[in-house]
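To be precise, the following lines are query.cif, and they hold mmCIF, all heavy atoms.
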data_target
#
loop_
_atom_site.label_atom_id
_atom_site.label_comp_id
_atom_site.auth_asym_id
_atom_site.auth_seq_id
_atom_site.Cartn_x
_atom_site.Cartn_y
_atom_site.Cartn_z
N MET A 12 10.68 -0.57 -11.67
CA MET A 12 10.00 0.51 -10.99
C MET A 12 8.52 0.42 -11.28
O MET A 12 8.11 0.21 -12.41
CB MET A 12 10.60 1.84 -11.44
CG MET A 12 10.15 2.99 -10.65
SD MET A 12 10.88 2.90 -9.02
CE MET A 12 10.65 4.51 -8.46
N GLU A 13 7.73 0.64 -10.28
CA GLU A 13 6.28 0.52 -10.38
C GLU A 13 5.65 1.81 -10.87
O GLU A 13 6.07 2.90 -10.50
CB GLU A 13 5.75 0.16 -8.99
CG GLU A 13 4.28 -0.05 -8.93
CD GLU A 13 3.85 -0.52 -7.55
OE1 GLU A 13 3.93 0.27 -6.61
OE2 GLU A 13 3.46 -1.68 -7.45
N ASP A 14 4.63 1.68 -11.72
CA ASP A 14 3.87 2.83 -12.19
C ASP A 14 3.04 3.37 -11.03
O ASP A 14 2.21 2.65 -10.46
CB ASP A 14 2.96 2.40 -13.34
CG ASP A 14 2.09 3.52 -13.89
OD1 ASP A 14 2.27 4.69 -13.46
OD2 ASP A 14 1.24 3.24 -14.74
N SER A 15 3.26 4.61 -10.65
CA SER A 15 2.59 5.17 -9.47
C SER A 15 1.09 5.33 -9.67
O SER A 15 0.33 5.36 -8.71
CB SER A 15 3.21 6.50 -9.09
OG SER A 15 3.04 7.44 -10.13
N GLU A 16 0.62 5.42 -10.91
CA GLU A 16 -0.81 5.54 -11.16
C GLU A 16 -1.50 4.19 -11.21
O GLU A 16 -2.71 4.11 -11.03
CB GLU A 16 -1.05 6.31 -12.46
CG GLU A 16 -0.64 7.76 -12.35
CD GLU A 16 -0.95 8.54 -13.60
OE1 GLU A 16 -1.78 8.07 -14.41
OE2 GLU A 16 -0.38 9.62 -13.78
N ASN A 17 -0.75 3.13 -11.48
CA ASN A 17 -1.30 1.77 -11.56
C ASN A 17 -0.37 0.80 -10.85
O ASN A 17 0.31 0.01 -11.50
CB ASN A 17 -1.49 1.36 -13.02
CG ASN A 17 -2.53 2.19 -13.71
OD1 ASN A 17 -3.64 2.32 -13.22
ND2 ASN A 17 -2.18 2.77 -14.84
N PRO A 18 -0.31 0.83 -9.53
CA PRO A 18 0.59 -0.07 -8.80
C PRO A 18 0.20 -1.53 -9.01
O PRO A 18 -0.97 -1.86 -9.21
CB PRO A 18 0.43 0.34 -7.35
CG PRO A 18 -0.68 1.29 -7.27
CD PRO A 18 -1.07 1.69 -8.64
N LEU A 19 1.19 -2.40 -8.97
CA LEU A 19 0.96 -3.82 -9.17
C LEU A 19 0.22 -4.44 -7.99
O LEU A 19 0.53 -4.16 -6.84
CB LEU A 19 2.29 -4.55 -9.35
CG LEU A 19 3.08 -4.22 -10.60
CD1 LEU A 19 4.43 -4.91 -10.55
CD2 LEU A 19 2.33 -4.63 -11.85
N GLN A 20 -0.74 -5.30 -8.32
CA GLN A 20 -1.42 -6.06 -7.29
C GLN A 20 -0.58 -7.30 -7.01
O GLN A 20 0.28 -7.68 -7.79
CB GLN A 20 -2.81 -6.47 -7.78
CG GLN A 20 -3.71 -5.28 -8.02
CD GLN A 20 -5.06 -5.69 -8.57
OE1 GLN A 20 -5.29 -6.85 -8.86
NE2 GLN A 20 -5.93 -4.72 -8.72
N ASP A 21 -0.83 -7.94 -5.87
CA ASP A 21 -0.05 -9.13 -5.49
C ASP A 21 -0.07 -10.19 -6.58
O ASP A 21 0.95 -10.79 -6.90
CB ASP A 21 -0.55 -9.71 -4.18
CG ASP A 21 -0.32 -8.79 -3.00
OD1 ASP A 21 0.48 -7.84 -3.12
OD2 ASP A 21 -0.92 -9.03 -1.94
N GLU A 22 -1.22 -10.42 -7.19
CA GLU A 22 -1.34 -11.44 -8.24
C GLU A 22 -0.51 -11.06 -9.47
O GLU A 22 0.09 -11.92 -10.12
CB GLU A 22 -2.81 -11.63 -8.63
CG GLU A 22 -3.03 -12.77 -9.59
CD GLU A 22 -2.62 -14.13 -9.03
OE1 GLU A 22 -2.81 -14.38 -7.83
OE2 GLU A 22 -2.08 -14.94 -9.81
N GLU A 23 -0.44 -9.79 -9.79
CA GLU A 23 0.38 -9.33 -10.92
C GLU A 23 1.87 -9.53 -10.62
O GLU A 23 2.64 -9.85 -11.52
CB GLU A 23 0.08 -7.87 -11.24
CG GLU A 23 -1.33 -7.67 -11.77
CD GLU A 23 -1.73 -6.22 -11.86
OE1 GLU A 23 -1.35 -5.41 -10.98
OE2 GLU A 23 -2.43 -5.89 -12.82
N ILE A 24 2.25 -9.35 -9.38
CA ILE A 24 3.64 -9.59 -8.98
C ILE A 24 3.97 -11.07 -9.15
O ILE A 24 5.05 -11.42 -9.66
CB ILE A 24 3.89 -9.12 -7.53
CG1 ILE A 24 3.75 -7.60 -7.45
CG2 ILE A 24 5.26 -9.59 -7.04
CD1 ILE A 24 3.74 -7.05 -6.04
N VAL A 25 3.03 -11.94 -8.77
CA VAL A 25 3.22 -13.39 -8.95
C VAL A 25 3.47 -13.70 -10.42
O VAL A 25 4.38 -14.46 -10.77
CB VAL A 25 2.01 -14.17 -8.41
CG1 VAL A 25 2.06 -15.63 -8.83
CG2 VAL A 25 1.92 -14.06 -6.90
N GLU A 26 2.67 -13.11 -11.31
CA GLU A 26 2.82 -13.37 -12.75
C GLU A 26 4.16 -12.85 -13.28
O GLU A 26 4.80 -13.51 -14.09
CB GLU A 26 1.66 -12.74 -13.53
CG GLU A 26 0.32 -13.39 -13.26
CD GLU A 26 0.32 -14.88 -13.59
OE1 GLU A 26 0.86 -15.28 -14.63
OE2 GLU A 26 -0.23 -15.65 -12.77
N GLU A 27 4.58 -11.69 -12.82
CA GLU A 27 5.88 -11.14 -13.24
C GLU A 27 7.01 -12.05 -12.79
O GLU A 27 7.98 -12.29 -13.53
CB GLU A 27 6.08 -9.73 -12.69
CG GLU A 27 5.20 -8.68 -13.33
CD GLU A 27 5.53 -8.45 -14.80
OE1 GLU A 27 6.71 -8.49 -15.18
OE2 GLU A 27 4.57 -8.23 -15.57
N LEU A 28 6.91 -12.57 -11.58
CA LEU A 28 7.93 -13.49 -11.09
C LEU A 28 7.96 -14.78 -11.91
O LEU A 28 9.03 -15.31 -12.20
CB LEU A 28 7.70 -13.81 -9.61
CG LEU A 28 7.97 -12.67 -8.63
CD1 LEU A 28 7.52 -13.06 -7.24
CD2 LEU A 28 9.45 -12.30 -8.64
N LYS A 29 6.78 -15.29 -12.28
CA LYS A 29 6.71 -16.49 -13.12
C LYS A 29 7.43 -16.28 -14.43
O LYS A 29 8.10 -17.18 -14.94
CB LYS A 29 5.26 -16.89 -13.39
CG LYS A 29 4.60 -17.62 -12.29
CD LYS A 29 3.18 -18.03 -12.70
CE LYS A 29 2.43 -18.62 -11.54
NZ LYS A 29 1.04 -18.96 -11.91
N ASN A 30 7.30 -15.08 -15.00
CA ASN A 30 7.99 -14.76 -16.25
C ASN A 30 9.51 -14.83 -16.10
O ASN A 30 10.23 -15.05 -17.07
CB ASN A 30 7.58 -13.37 -16.76
CG ASN A 30 6.14 -13.33 -17.20
OD1 ASN A 30 5.54 -14.34 -17.55
ND2 ASN A 30 5.56 -12.15 -17.17
N MET A 31 9.98 -14.64 -14.87
CA MET A 31 11.42 -14.72 -14.58
C MET A 31 11.80 -16.09 -14.02
O MET A 31 12.89 -16.26 -13.51
CB MET A 31 11.82 -13.63 -13.58
CG MET A 31 11.64 -12.23 -14.12
SD MET A 31 12.25 -10.97 -12.98
CE MET A 31 10.89 -10.88 -11.82
N GLU A 32 10.85 -17.05 -14.12
CA GLU A 32 11.04 -18.41 -13.62
C GLU A 32 11.31 -18.44 -12.12
O GLU A 32 12.08 -19.25 -11.61
CB GLU A 32 12.13 -19.14 -14.40
CG GLU A 32 11.77 -19.31 -15.87
CD GLU A 32 12.79 -20.13 -16.64
OE1 GLU A 32 13.74 -20.66 -16.03
OE2 GLU A 32 12.63 -20.22 -17.85
N LEU A 33 10.64 -17.54 -11.40
CA LEU A 33 10.65 -17.51 -9.94
C LEU A 33 9.22 -17.75 -9.50
O LEU A 33 8.29 -17.14 -10.02
CB LEU A 33 11.14 -16.16 -9.43
CG LEU A 33 12.55 -15.77 -9.85
CD1 LEU A 33 12.83 -14.33 -9.49
CD2 LEU A 33 13.56 -16.69 -9.20
N TYR A 34 9.04 -18.66 -8.56
CA TYR A 34 7.68 -19.07 -8.20
C TYR A 34 7.38 -18.75 -6.74
O TYR A 34 8.13 -19.12 -5.85
CB TYR A 34 7.50 -20.55 -8.49
CG TYR A 34 7.75 -20.85 -9.95
CD1 TYR A 34 8.98 -21.33 -10.37
CD2 TYR A 34 6.77 -20.59 -10.90
CE1 TYR A 34 9.22 -21.57 -11.71
CE2 TYR A 34 7.00 -20.82 -12.24
CZ TYR A 34 8.23 -21.31 -12.64
OH TYR A 34 8.47 -21.53 -13.98
N ALA A 35 6.27 -18.04 -6.55
CA ALA A 35 5.78 -17.70 -5.22
C ALA A 35 4.27 -17.57 -5.32
O ALA A 35 3.74 -17.18 -6.35
CB ALA A 35 6.39 -16.40 -4.73
N SER A 36 3.59 -17.88 -4.26
CA SER A 36 2.13 -17.73 -4.26
C SER A 36 1.77 -16.29 -3.91
O SER A 36 2.57 -15.52 -3.39
CB SER A 36 1.50 -18.68 -3.25
OG SER A 36 1.82 -18.27 -1.93
N ARG A 37 0.52 -15.94 -4.19
CA ARG A 37 0.04 -14.61 -3.85
C ARG A 37 0.09 -14.41 -2.35
O ARG A 37 0.42 -13.34 -1.86
CB ARG A 37 -1.40 -14.43 -4.36
CG ARG A 37 -1.89 -12.99 -4.15
CD ARG A 37 -3.39 -12.90 -3.97
NE ARG A 37 -3.95 -13.82 -3.01
CZ ARG A 37 -3.95 -13.64 -1.67
NH1 ARG A 37 -3.39 -12.58 -1.14
NH2 ARG A 37 -4.51 -14.53 -0.87
N ARG A 38 -0.20 -15.47 -1.59
CA ARG A 38 -0.15 -15.38 -0.13
C ARG A 38 1.26 -15.06 0.35
O ARG A 38 1.44 -14.31 1.32
CB ARG A 38 -0.63 -16.69 0.49
CG ARG A 38 -2.11 -16.90 0.33
CD ARG A 38 -2.56 -18.21 0.91
NE ARG A 38 -2.28 -18.26 2.33
CZ ARG A 38 -2.36 -19.34 3.08
NH1 ARG A 38 -2.73 -20.49 2.54
NH2 ARG A 38 -2.10 -19.30 4.36
N THR A 39 2.26 -15.64 -0.30
CA THR A 39 3.65 -15.37 0.08
C THR A 39 4.00 -13.92 -0.20
O THR A 39 4.62 -13.24 0.64
CB THR A 39 4.61 -16.31 -0.68
OG1 THR A 39 4.25 -17.66 -0.38
CG2 THR A 39 6.05 -16.05 -0.32
N ILE A 40 3.60 -13.43 -1.37
CA ILE A 40 3.85 -12.02 -1.72
C ILE A 40 3.19 -11.11 -0.69
O ILE A 40 3.80 -10.17 -0.18
CB ILE A 40 3.34 -11.71 -3.13
CG1 ILE A 40 4.03 -12.58 -4.19
CG2 ILE A 40 3.48 -10.22 -3.45
CD1 ILE A 40 5.52 -12.42 -4.28
N SER A 41 1.94 -11.41 -0.36
CA SER A 41 1.21 -10.61 0.62
C SER A 41 1.89 -10.63 1.99
O SER A 41 2.02 -9.60 2.65
CB SER A 41 -0.22 -11.14 0.72
OG SER A 41 -0.93 -10.43 1.68
N LYS A 42 2.33 -11.80 2.39
CA LYS A 42 2.98 -11.95 3.69
C LYS A 42 4.22 -11.06 3.78
O LYS A 42 4.39 -10.30 4.75
CB LYS A 42 3.39 -13.41 3.89
CG LYS A 42 4.23 -13.65 5.11
CD LYS A 42 4.71 -15.09 5.15
CE LYS A 42 5.77 -15.29 6.20
NZ LYS A 42 6.32 -16.63 6.19
N TYR A 43 5.09 -11.12 2.78
CA TYR A 43 6.32 -10.34 2.84
C TYR A 43 6.06 -8.86 2.65
O TYR A 43 6.75 -8.02 3.23
CB TYR A 43 7.35 -10.88 1.84
CG TYR A 43 7.92 -12.19 2.32
CD1 TYR A 43 7.65 -13.38 1.66
CD2 TYR A 43 8.70 -12.24 3.47
CE1 TYR A 43 8.15 -14.59 2.13
CE2 TYR A 43 9.20 -13.44 3.95
CZ TYR A 43 8.93 -14.60 3.27
OH TYR A 43 9.42 -15.79 3.74
N ARG A 44 5.05 -8.50 1.84
CA ARG A 44 4.69 -7.09 1.68
C ARG A 44 4.28 -6.51 3.03
O ARG A 44 4.70 -5.42 3.41
CB ARG A 44 3.55 -6.96 0.66
CG ARG A 44 3.10 -5.54 0.44
CD ARG A 44 2.00 -5.41 -0.60
NE ARG A 44 0.91 -6.36 -0.46
CZ ARG A 44 -0.03 -6.30 0.49
NH1 ARG A 44 0.00 -5.35 1.40
NH2 ARG A 44 -1.00 -7.19 0.54
N LYS A 45 3.49 -7.28 3.78
CA LYS A 45 3.05 -6.83 5.11
C LYS A 45 4.22 -6.74 6.08
O LYS A 45 4.32 -5.79 6.86
CB LYS A 45 1.97 -7.76 5.64
CG LYS A 45 0.65 -7.59 4.93
CD LYS A 45 -0.38 -8.58 5.41
CE LYS A 45 -1.66 -8.46 4.61
NZ LYS A 45 -2.64 -9.48 4.98
N GLU A 46 5.11 -7.74 6.05
CA GLU A 46 6.28 -7.72 6.95
C GLU A 46 7.19 -6.54 6.67
O GLU A 46 7.83 -6.01 7.57
CB GLU A 46 7.07 -9.03 6.81
CG GLU A 46 6.43 -10.19 7.51
CD GLU A 46 7.28 -11.45 7.45
OE1 GLU A 46 8.48 -11.39 7.11
OE2 GLU A 46 6.72 -12.52 7.76
N LEU A 47 7.25 -6.11 5.40
CA LEU A 47 8.09 -4.98 5.02
C LEU A 47 7.34 -3.65 5.10
O LEU A 47 7.86 -2.61 4.69
CB LEU A 47 8.62 -5.20 3.60
CG LEU A 47 9.58 -6.37 3.45
CD1 LEU A 47 9.83 -6.67 1.99
CD2 LEU A 47 10.88 -6.10 4.18
N ASN A 48 6.11 -3.71 5.63
CA ASN A 48 5.27 -2.51 5.78
C ASN A 48 5.04 -1.78 4.45
O ASN A 48 5.07 -0.56 4.39
CB ASN A 48 5.87 -1.55 6.82
CG ASN A 48 5.87 -2.15 8.19
OD1 ASN A 48 4.89 -2.76 8.61
ND2 ASN A 48 6.98 -2.02 8.89
N ILE A 49 4.81 -2.57 3.41
CA ILE A 49 4.48 -2.02 2.10
C ILE A 49 2.95 -2.09 1.97
O ILE A 49 2.38 -3.17 2.06
CB ILE A 49 5.15 -2.81 0.97
CG1 ILE A 49 6.68 -2.74 1.12
CG2 ILE A 49 4.71 -2.29 -0.40
CD1 ILE A 49 7.43 -3.67 0.19
N PRO A 50 2.29 -0.97 1.76
CA PRO A 50 0.83 -0.99 1.66
C PRO A 50 0.35 -1.77 0.43
O PRO A 50 1.12 -1.97 -0.52
CB PRO A 50 0.45 0.49 1.53
CG PRO A 50 1.69 1.26 1.63
CD PRO A 50 2.85 0.34 1.62
N ASN A 51 -0.93 -2.14 0.41
CA ASN A 51 -1.45 -2.84 -0.76
C ASN A 51 -1.57 -1.87 -1.93
O ASN A 51 -1.38 -0.66 -1.78
CB ASN A 51 -2.77 -3.54 -0.43
CG ASN A 51 -3.89 -2.60 -0.10
OD1 ASN A 51 -4.00 -1.51 -0.64
ND2 ASN A 51 -4.75 -3.01 0.80
N SER A 52 -1.91 -2.39 -3.10
CA SER A 52 -1.92 -1.56 -4.31
C SER A 52 -2.90 -0.39 -4.22
O SER A 52 -2.60 0.70 -4.68
CB SER A 52 -2.22 -2.42 -5.54
OG SER A 52 -3.50 -3.00 -5.45
N LYS A 53 -4.06 -0.62 -3.63
CA LYS A 53 -5.04 0.47 -3.51
C LYS A 53 -4.51 1.59 -2.62
O LYS A 53 -4.67 2.77 -2.91
CB LYS A 53 -6.36 -0.05 -2.96
CG LYS A 53 -7.12 -0.89 -3.96
CD LYS A 53 -8.43 -1.36 -3.38
CE LYS A 53 -9.14 -2.27 -4.38
NZ LYS A 53 -10.41 -2.76 -3.86
N GLN A 54 -3.86 1.22 -1.53
CA GLN A 54 -3.31 2.23 -0.62
C GLN A 54 -2.13 2.95 -1.28
O GLN A 54 -1.98 4.14 -1.07
CB GLN A 54 -2.87 1.57 0.68
CG GLN A 54 -4.03 1.04 1.49
CD GLN A 54 -3.57 0.16 2.64
OE1 GLN A 54 -2.54 -0.50 2.55
NE2 GLN A 54 -4.36 0.12 3.70
N ARG A 55 -1.31 2.23 -2.04
CA ARG A 55 -0.18 2.89 -2.72
C ARG A 55 -0.67 3.86 -3.77
O ARG A 55 -0.13 4.95 -3.92
CB ARG A 55 0.76 1.85 -3.33
CG ARG A 55 1.48 1.01 -2.30
CD ARG A 55 2.61 0.20 -2.86
NE ARG A 55 2.36 -0.55 -4.06
CZ ARG A 55 1.89 -1.80 -4.12
NH1 ARG A 55 1.58 -2.44 -3.01
NH2 ARG A 55 1.73 -2.40 -5.27
N LYS A 56 -1.72 3.49 -4.49
CA LYS A 56 -2.29 4.38 -5.50
C LYS A 56 -2.87 5.62 -4.84
O LYS A 56 -2.64 6.74 -5.29
CB LYS A 56 -3.35 3.65 -6.32
CG LYS A 56 -3.92 4.50 -7.43
CD LYS A 56 -4.89 3.71 -8.28
CE LYS A 56 -5.39 4.56 -9.43
NZ LYS A 56 -6.27 3.79 -10.32
N LYS A 57 -3.61 5.42 -3.77
CA LYS A 57 -4.24 6.54 -3.07
C LYS A 57 -3.17 7.49 -2.52
O LYS A 57 -3.32 8.71 -2.58
CB LYS A 57 -5.10 6.02 -1.92
CG LYS A 57 -5.93 7.06 -1.25
CD LYS A 57 -6.84 6.45 -0.20
CE LYS A 57 -7.69 7.51 0.46
NZ LYS A 57 -8.59 6.93 1.46
N ALA A 58 -2.08 6.95 -2.00
CA ALA A 58 -1.00 7.78 -1.44
C ALA A 58 -0.35 8.65 -2.52
O ALA A 58 0.08 9.76 -2.25
CB ALA A 58 0.04 6.90 -0.78
N ARG A 59 -0.31 8.15 -3.75
CA ARG A 59 0.30 8.91 -4.85
C ARG A 59 -0.58 10.04 -5.34
O ARG A 59 -0.10 10.98 -5.93
CB ARG A 59 0.61 7.99 -6.04
CG ARG A 59 1.46 6.80 -5.73
CD ARG A 59 2.89 7.15 -5.73
NE ARG A 59 3.65 5.89 -5.53
CZ ARG A 59 4.89 5.84 -5.26
NH1 ARG A 59 5.60 6.92 -5.14
NH2 ARG A 59 5.49 4.69 -5.09
N LEU A 60 -1.87 9.93 -5.08
CA LEU A 60 -2.80 10.96 -5.57
C LEU A 60 -2.69 12.26 -4.79
O LEU A 60 -3.11 13.30 -5.27
CB LEU A 60 -4.24 10.43 -5.51
CG LEU A 60 -4.56 9.26 -6.44
CD1 LEU A 60 -6.00 8.78 -6.18
CD2 LEU A 60 -4.38 9.63 -7.89
N TYR A 61 -2.15 12.20 -3.60
CA TYR A 61 -2.06 13.42 -2.78
C TYR A 61 -0.73 14.07 -2.86
O TYR A 61 0.25 13.62 -3.15
CB TYR A 61 -2.37 13.08 -1.30
CG TYR A 61 -3.78 12.57 -1.14
CD1 TYR A 61 -4.04 11.25 -0.85
CD2 TYR A 61 -4.84 13.44 -1.28
CE1 TYR A 61 -5.33 10.79 -0.69
CE2 TYR A 61 -6.14 12.99 -1.14
CZ TYR A 61 -6.37 11.65 -0.83
OH TYR A 61 -7.66 11.22 -0.68
#

Mind turning this structure into C-alpha coordinates?
Amino acid sequence: MEDSENPLQDEEIVEELKNMELYASRRTISKYRKELNIPNSKQRKKARLY
(Lines of atoms letter the chains of each structure in order from A and count residues from 1; the text may use other names and numbers.)
(Lines give C-alpha, C1' and ligand atoms only; values in the text may rest on other atoms or scores of the structure.)
Protein backbone atom coordinates (compact mmCIF):
# COMPACT_ATOMS: atom_id res chain seq x y z
CA MET A 1 0.00 0.00 0.00
CA GLU A 2 1.28 3.42 -0.95
CA ASP A 3 1.78 6.23 1.56
CA SER A 4 -0.84 8.83 0.59
CA GLU A 5 1.37 11.72 1.74
CA ASN A 6 4.41 10.50 -0.21
CA PRO A 7 3.27 8.51 -3.26
CA LEU A 8 5.92 6.53 -5.12
CA GLN A 9 7.43 8.03 -8.24
CA ASP A 10 7.91 5.81 -11.30
CA GLU A 11 11.65 5.52 -10.62
CA GLU A 12 10.98 4.41 -7.02
CA ILE A 13 8.62 1.74 -8.33
CA VAL A 14 11.41 0.51 -10.63
CA GLU A 15 13.75 0.23 -7.62
CA GLU A 16 11.16 -1.64 -5.55
CA LEU A 17 10.64 -4.09 -8.39
CA LYS A 18 14.42 -4.61 -8.68
CA ASN A 19 14.46 -5.56 -4.99
CA MET A 20 11.97 -8.31 -5.88
CA GLU A 21 14.13 -9.37 -8.85
CA LEU A 22 11.57 -8.01 -11.32
CA TYR A 23 12.95 -5.73 -14.00
CA ALA A 24 11.12 -2.95 -15.82
CA SER A 25 12.19 0.45 -17.07
CA ARG A 26 10.72 3.70 -15.82
CA ARG A 27 9.20 4.18 -19.28
CA THR A 28 7.41 0.84 -18.97
CA ILE A 29 6.03 1.76 -15.54
CA SER A 30 4.87 5.12 -16.90
CA LYS A 31 3.26 3.50 -19.93
CA TYR A 32 1.17 1.05 -17.89
CA ARG A 33 0.31 3.68 -15.26
CA LYS A 34 -1.13 5.84 -18.05
CA GLU A 35 -2.98 2.90 -19.65
CA LEU A 36 -4.56 2.12 -16.28
CA ASN A 37 -5.47 5.80 -15.78
CA ILE A 38 -3.35 6.09 -12.65
CA PRO A 39 -2.21 9.70 -12.14
CA ASN A 40 1.46 10.52 -11.58
CA SER A 41 2.83 10.88 -8.04
CA LYS A 42 2.33 14.65 -7.88
CA GLN A 43 -1.31 14.35 -8.95
CA ARG A 44 -1.93 11.48 -6.50
CA LYS A 45 -0.43 13.51 -3.65
CA LYS A 46 -2.47 16.58 -4.58
CA ALA A 47 -5.68 14.50 -4.75
CA ARG A 48 -5.08 13.23 -1.20
CA LEU A 49 -4.72 16.73 0.20
CA TYR A 50 -8.35 17.59 -0.51

Write out as a list in words each polymer residue whose atoms come within 5 Å of Leu28 in chain A, counting all heavy atoms; drop sequence neighbours fewer than 6 positions from it.
-> Tyr34, Ala35 and Ile40 of chain A

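Between CE of Lys45 in chain A and atom N of Glu32 in chain A the interatomic distance comes to 24.1 Å.
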
List every residue of chain A that DSSP, applied to the backbone of this structure, assigns to alpha helix (DSSP H), and report them as a list of chain:residue names.
-> A:Asp21, A:Glu22, A:Glu23, A:Ile24, A:Val25, A:Glu26, A:Glu27, A:Leu28, A:Lys29, A:Asn30, A:Arg37, A:Arg38, A:Thr39, A:Ile40, A:Ser41, A:Lys42, A:Tyr43, A:Arg44, A:Lys45, A:Glu46, A:Ser52, A:Lys53, A:Gln54, A:Arg55, A:Lys56, A:Lys57, A:Ala58, A:Arg59, A:Leu60

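One distance worth recording is that between atom C of Met31 in chain A and NH2 of Arg59 in chain A, which is 23.5 Å.
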
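Atom pair atom O of Glu13 in chain A / OE2 of Glu26 in chain A: separated by 19.7 Å.
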
Excluding same-chain residues fewer than 3 positions from Leu19 in chain A, what lies within 6 Å of it counting all heavy atoms, as a PyMOL selection string?
-> chain A and resi 13-14+23-24+27+51-52+55

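Put simply, the PyMOL selection byres ((chain A and resi 37) around 4) in this file takes in Asp21, Glu22, Val25, Ser36, Arg38, Thr39, Ile40 and Ser41 of chain A.
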